[in-house]
2 protein chains.
Amino acid sequence: MKNEIDKLMKRMKVSAIYAEGMSSSSPTMYYLLNGVNLYGHYVKKQGKRAYVIHYPIEREVAREIGHKLISSTRYGLRKIYEKYPDRIKAKAYFIKAILDDLKVKGNVAFYGESQMGAAYNFLKQLTKLDKRVKVCYEASKSLITIARETKDSEEVKRIKSIGQRVVRAFNDMVKTVQQMKVKKNTVMKDRKRKLLIGDLRAMLRKHLFEGNLINSDGMIVAQGRDAGVPHNSGNDRSAVKLGQTIVFDIFPREIEGGYFFDFTRTICFGHASKEIKEVYATVKDAQDYVMDMLKVGKRNIDIERSLCKFFEKRGHPTLLNSPKTQVGYCHTLGHGVGLDIHESPSFGYVKTNKDRIKPGHVFTVEPGLYYPDKGYGVRLEDVVYVDRRGKIVNLTRCVRRLVAEI
Amino acid sequence: MKNEIDKLMKRMKVSAIYAEGMSSSSPTMYYLLNGVNLYGHYVKKQGKRAYVIHYPIEREVAREIGHKLISSTRYGLRKIYEKYPDRIKAKAYFIKAILDDLKVKGNVAFYGESQMGAAYNFLKQLTKLDKRVKVCYEASKSLITIARETKDSEEVKRIKSIGQRVVRAFNDMVKTVQQMKVKKNTVMKDRKRKLLIGDLRAMLRKHLFEGNLINSDGMIVAQGRDAGVPHNSGNDRSAVKLGQTIVFDIFPREIEGGYFFDFTRTICFGHASKEIKEVYATVKDAQDYVMDMLKVGKRNIDIERSLCKFFEKRGHPTLLNSPKTQVGYCHTLGHGVGLDIHESPSFGYVKTNKDRIKPGHVFTVEPGLYYPDKGYGVRLEDVVYVDRRGKIVNLTRCVRRLVAEI
């Protein structure tokens, strides 16, 4: 949690945090700048208030952040860049000036999205110039990853509210389709035109937008065999057919930057085959099975393993018994959700994954079964929150029903 | 341009490019993966076709990229992560396996947005493990920055089309307001409710969305004194008043990731004072003055200096004659626009800025004058493209008219 940053700094022996970037494109900066949209530099020493170095034209918006402010003009930026045509060196001198001014030394955690090579060369230069600064080595999770992994009540409220809007968008779309006519097993938009997967996507987008949400990373609306490949985002030109599984995986973000939600339902319009019904029931049971298993302190990979065994018992291959399978249950159970769509904690099945269920976690529970060659795939995804007392709260209030009558 | 990457690699003595990340959040990956939405690793050796290492669940979407594909399973990812609990080390072993496999050595440019400290420690590990690989030192612009700086005709077509949709959204909003009634110098949404800045913003958002665009970084709709601070994004609760400058700075992106546009107009509803009219005319003249000056080969900072002199002659302070000014002309002329809202080339006034106007450049021309204490600010911003023959093409087709009658 954000209010634990100081405690974490102490525990992880981090003397200061330095971060830079634009909050609209850097979730880390968004987090550290309390959601204020700005390009800036963030510096916080252990036990002290944070500073933000901002540019003069952003002096007004900077005031909303709530940190101490310093104008970049204080560091003679232009002179530095005129003296050093080597921009990496120039940047190192600029940041050194900031760190000197704020008396930063010791083990410093450096954050902010940067091109890899540029970050490497910059930090090499900086530590050459400033021998008192050492780049913190975060061998497993970074401090900021750990802080962001547990959400405070304000964050949970926002995520929950996004979830409600997503479910509303989904239900509205389904209801609209249910009022359409059917011709030769195909849903018709009007008397002449078939309803296309692209139309479903457009409806969802519109409803999400009305809820101030935007799914800019390509939501999944995948039918039939496309639904059988977990990250196939679907073919917009396919006509919507009765009896085909359609996987809707919707993961929008608040429009002006902020939190994500992640939601999946699978439906068949009209009817479903016995086989699909059975597979759907298995996925639904699997989700319930996991929900019952969630408990503070439990290791994520133990949950993952139990789920794999559950699927295997019902005759489906998993990554546990056949690590290269592309059918059956062929991904992991879930992931943390927050300012990134995928963040910590993880359910990645490697023994070195030490993640355990913790109060404050917000993560997805998304079992699925995939058989592209048989022409279908099923996934169900809810987001859960572990509250302060360890209670598991499902933030996704939406029925799981395979067939949508039409 | 993208098709010059090989030529640039040769000229800049880069033996290979390695990049990683998710194209939806990394403009570099979006560029290198040809706009396909994926998390992956990109490797290209000089003179050879590019490879993309992708995860099995994304095998179908990966095919749309057009590069050679390798599944990540080939490198025994899970085993590596089980062997090394230190995730930085594990990642270094994983990437080393890829680079070994593809026989990459020499001067390698590393791209992909990463946390600064993590990138530093990872590349330190990798170069310790793999002595044949050296991290390319890009002292001024990186290869990828140079490639992205000049746009090919497909890119220009997209940017131009976005511009048309932005102008349409703006004009529609203005027309709607012009049909409203006025009461005591305030625009009325209906008989009882005042029109607010937030309503203007919402209208713009809606129109942009209808054009498949989204301004997720907080567009500027700033009135009166707020307009006098360049990056003040405006107060949604202010009522729209006649005779006040309103700066509309709209910079949306294609909805599912891609290119940006950047557009600014300043208007006063109803009427404008003589002083504001004069300042507006000066900014308009300044923009024309710059447009006439643009010529292939000309240095950007020479253009910037001439513009400052132009403003100074008309009695306005600039960053040239008073580097700390926060009134008058207190920012730079413009910036490149593409997959980032701010990219190369730059008009930053430092002598070491060697940027010159080049065919393929797409950049903003946005002079402005700001007097918050007098209660106003004016900015006009068009995007121009330098075509293959060096002709300057204005991609912003929108009249510049201060007063919008109501």
# chains A, B, ... in the order shown; residues from 1 in each chain; ligands from 1
$ residues_around --residues "Leu126 (chain B)" --least-positions-apart "6" --cutoff "8 Å" --atoms "only C-alpha atoms" --output "list in words"
Lys89, Ala92, Tyr93, Ile95 and Lys96 of chain B
$ interface_residues --of "chain A" --to "chain B" --cutoff "6 Å" --atoms "only C-alpha atoms" --output "PyMOL selection string"
chain A and resi 24+57-58+82+85-88+110-117+119-120+139-140+216-218+230-231+255-256+350-352
$ residues_around --residues "Ser346 (chain A)" --least-positions-apart "4" --cutoff "12 Å" --atoms "only C-alpha atoms" --output "list in words"
Lys141, Thr145, Ile146, Glu149, Arg299, Asn300, Ile301, Asp302, Ile303, Glu304, Thr332, Leu333, Gly334, His335, Gly336, Val337, His342, Val350, Thr352, Asn353, Lys354, Asp355, Arg356, Ile357, His361, Val362, Phe363, Thr364 and Val365 of chain A
$ write_last_selection --atoms "N, CA and C atoms" --output "compact mmCIF listing (two decimals), in the first residue's frame"
# COMPACT_ATOMS: atom_id res chain seq x y z
N LYS A 141 11.01 -8.99 -6.14
CA LYS A 141 10.08 -7.91 -6.46
C LYS A 141 10.65 -6.57 -6.05
N THR A 145 6.70 -2.51 -6.70
CA THR A 145 5.82 -3.64 -7.04
C THR A 145 5.11 -4.13 -5.78
N ILE A 146 5.88 -4.24 -4.72
CA ILE A 146 5.29 -4.71 -3.45
C ILE A 146 4.27 -3.70 -2.92
N GLU A 149 1.10 -3.87 -4.98
CA GLU A 149 0.44 -5.17 -4.94
C GLU A 149 -0.73 -5.21 -3.96
N ARG A 299 -0.16 -20.38 -0.57
CA ARG A 299 0.73 -20.04 -1.68
C ARG A 299 -0.01 -20.12 -3.01
N ASN A 300 0.22 -19.14 -3.86
CA ASN A 300 -0.47 -19.09 -5.15
C ASN A 300 -0.19 -20.33 -6.00
N ILE A 301 1.06 -20.81 -5.97
CA ILE A 301 1.34 -21.96 -6.84
C ILE A 301 0.70 -23.23 -6.31
N ASP A 302 0.40 -23.26 -5.01
CA ASP A 302 -0.34 -24.42 -4.49
C ASP A 302 -1.77 -24.40 -5.01
N ILE A 303 -2.34 -23.21 -5.08
CA ILE A 303 -3.69 -23.08 -5.63
C ILE A 303 -3.67 -23.48 -7.10
N GLU A 304 -2.67 -22.99 -7.80
CA GLU A 304 -2.52 -23.31 -9.22
C GLU A 304 -2.42 -24.82 -9.42
N THR A 332 -2.30 -19.62 -16.88
CA THR A 332 -2.33 -19.67 -15.42
C THR A 332 -3.63 -19.07 -14.89
N LEU A 333 -3.85 -19.27 -13.61
CA LEU A 333 -5.14 -18.94 -13.01
C LEU A 333 -5.48 -17.46 -13.02
N GLY A 334 -4.47 -16.62 -12.86
CA GLY A 334 -4.81 -15.20 -12.77
C GLY A 334 -3.61 -14.33 -12.53
N HIS A 335 -3.89 -13.09 -12.20
CA HIS A 335 -2.83 -12.08 -12.04
C HIS A 335 -3.41 -10.90 -11.27
N GLY A 336 -2.54 -10.15 -10.62
CA GLY A 336 -2.97 -8.92 -9.97
C GLY A 336 -3.48 -7.93 -10.99
N VAL A 337 -4.40 -7.07 -10.54
CA VAL A 337 -4.96 -6.02 -11.40
C VAL A 337 -4.86 -4.70 -10.65
N HIS A 342 -1.79 -6.37 -15.92
CA HIS A 342 -1.13 -7.53 -15.30
C HIS A 342 -0.11 -7.00 -14.31
N VAL A 350 6.05 -21.57 -11.16
CA VAL A 350 7.47 -21.92 -10.99
C VAL A 350 7.70 -21.94 -9.48
N THR A 352 9.93 -21.00 -7.67
CA THR A 352 10.49 -19.79 -7.06
C THR A 352 9.45 -18.68 -6.88
N ASN A 353 8.24 -18.93 -7.35
CA ASN A 353 7.17 -17.95 -7.13
C ASN A 353 6.68 -18.08 -5.69
N LYS A 354 7.03 -17.11 -4.86
CA LYS A 354 6.71 -17.19 -3.43
C LYS A 354 5.41 -16.47 -3.07
N ASP A 355 4.68 -16.00 -4.05
CA ASP A 355 3.47 -15.24 -3.76
C ASP A 355 2.47 -16.05 -2.94
N ARG A 356 1.88 -15.36 -1.96
CA ARG A 356 0.83 -15.94 -1.13
C ARG A 356 -0.33 -14.95 -1.08
N ILE A 357 -1.50 -15.47 -0.82
CA ILE A 357 -2.67 -14.60 -0.69
C ILE A 357 -2.50 -13.69 0.54
N HIS A 361 -4.70 -7.75 -1.60
CA HIS A 361 -4.54 -8.24 -2.98
C HIS A 361 -5.83 -8.07 -3.78
N VAL A 362 -5.67 -7.71 -5.04
CA VAL A 362 -6.79 -7.68 -5.99
C VAL A 362 -6.30 -8.46 -7.19
N PHE A 363 -6.96 -9.57 -7.50
CA PHE A 363 -6.46 -10.39 -8.61
C PHE A 363 -7.58 -11.12 -9.32
N THR A 364 -7.27 -11.63 -10.49
CA THR A 364 -8.28 -12.33 -11.28
C THR A 364 -8.27 -13.82 -10.95
N VAL A 365 -9.44 -14.43 -11.11
CA VAL A 365 -9.58 -15.88 -11.00
C VAL A 365 -10.22 -16.30 -12.32
$ atom_distance --atom1 "CA of Ser15 (chain B)" --atom2 "CA of Lys105 (chain B)"
7.1 Å
$ select_by_dssp --residues "region 118-298 of chain B" --states "alpha helix (DSSP H)" --output "NGL selection string"
:B and (118-129 or 143-149 or 153-178 or 197-210 or 274-293)
$ residues_around --residues "Ile162 (chain B)" --least-positions-apart "2" --cutoff "9 Å" --atoms "only C-alpha atoms" --output "JSON, numbers by chain"
{"B": [157, 158, 159, 160, 164, 165, 166, 167, 211, 212, 213, 252, 253, 254, 259, 260, 261]}
$ select_by_dssp --residues "region 37-244 of chain B" --states "strand (DSSP E or B)" --output "ChimeraX atom specification"
/B:39-45,51-54,68-71,106-111,113-115,133-135,150,181-183,186-188,194,196,213-214,220-223,239,241
$ closest_residue --among "A:Asp199, A:Asp6, A:Asp387, A:Glu155" --to "Lys295 (chain A)" --atoms "only C-alpha atoms"
A:Asp387
$ closest_residue --among "A:Val393, A:Val283, A:Ile53, A:Val296" --to "Ala97 (chain A)" --atoms "only C-alpha atoms"
A:Ile53
$ residues_around --residues "Lys151 (chain A)" --least-positions-apart "6" --cutoff "9 Å" --atoms "only C-alpha atoms" --output "JSON, numbers by chain"
{"A": [1, 2, 338, 359, 360, 361, 362, 385]}
$ write_last_selection --atoms "N, CA and C atoms" --output "compact mmCIF listing (two decimals), in the first residue's frame"
# COMPACT_ATOMS: atom_id res chain seq x y z
N MET A 1 0.83 -1.19 0.00
CA MET A 1 0.00 0.00 0.00
C MET A 1 0.87 1.25 0.00
N LYS A 2 0.31 2.31 -0.57
CA LYS A 2 1.12 3.51 -0.73
C LYS A 2 1.62 4.03 0.62
N GLY A 338 -4.47 -3.65 -11.33
CA GLY A 338 -4.38 -2.34 -10.69
C GLY A 338 -4.11 -1.29 -11.73
N PRO A 359 -3.98 -9.90 2.57
CA PRO A 359 -4.98 -8.83 2.60
C PRO A 359 -4.52 -7.67 1.71
N GLY A 360 -5.45 -7.11 0.96
CA GLY A 360 -5.12 -6.01 0.06
C GLY A 360 -4.91 -6.46 -1.39
N HIS A 361 -4.70 -7.75 -1.60
CA HIS A 361 -4.54 -8.24 -2.98
C HIS A 361 -5.83 -8.07 -3.78
N VAL A 362 -5.67 -7.71 -5.04
CA VAL A 362 -6.79 -7.68 -5.99
C VAL A 362 -6.30 -8.46 -7.19
N TYR A 385 -11.01 -9.48 -4.26
CA TYR A 385 -10.27 -8.60 -3.37
C TYR A 385 -10.19 -9.28 -2.01
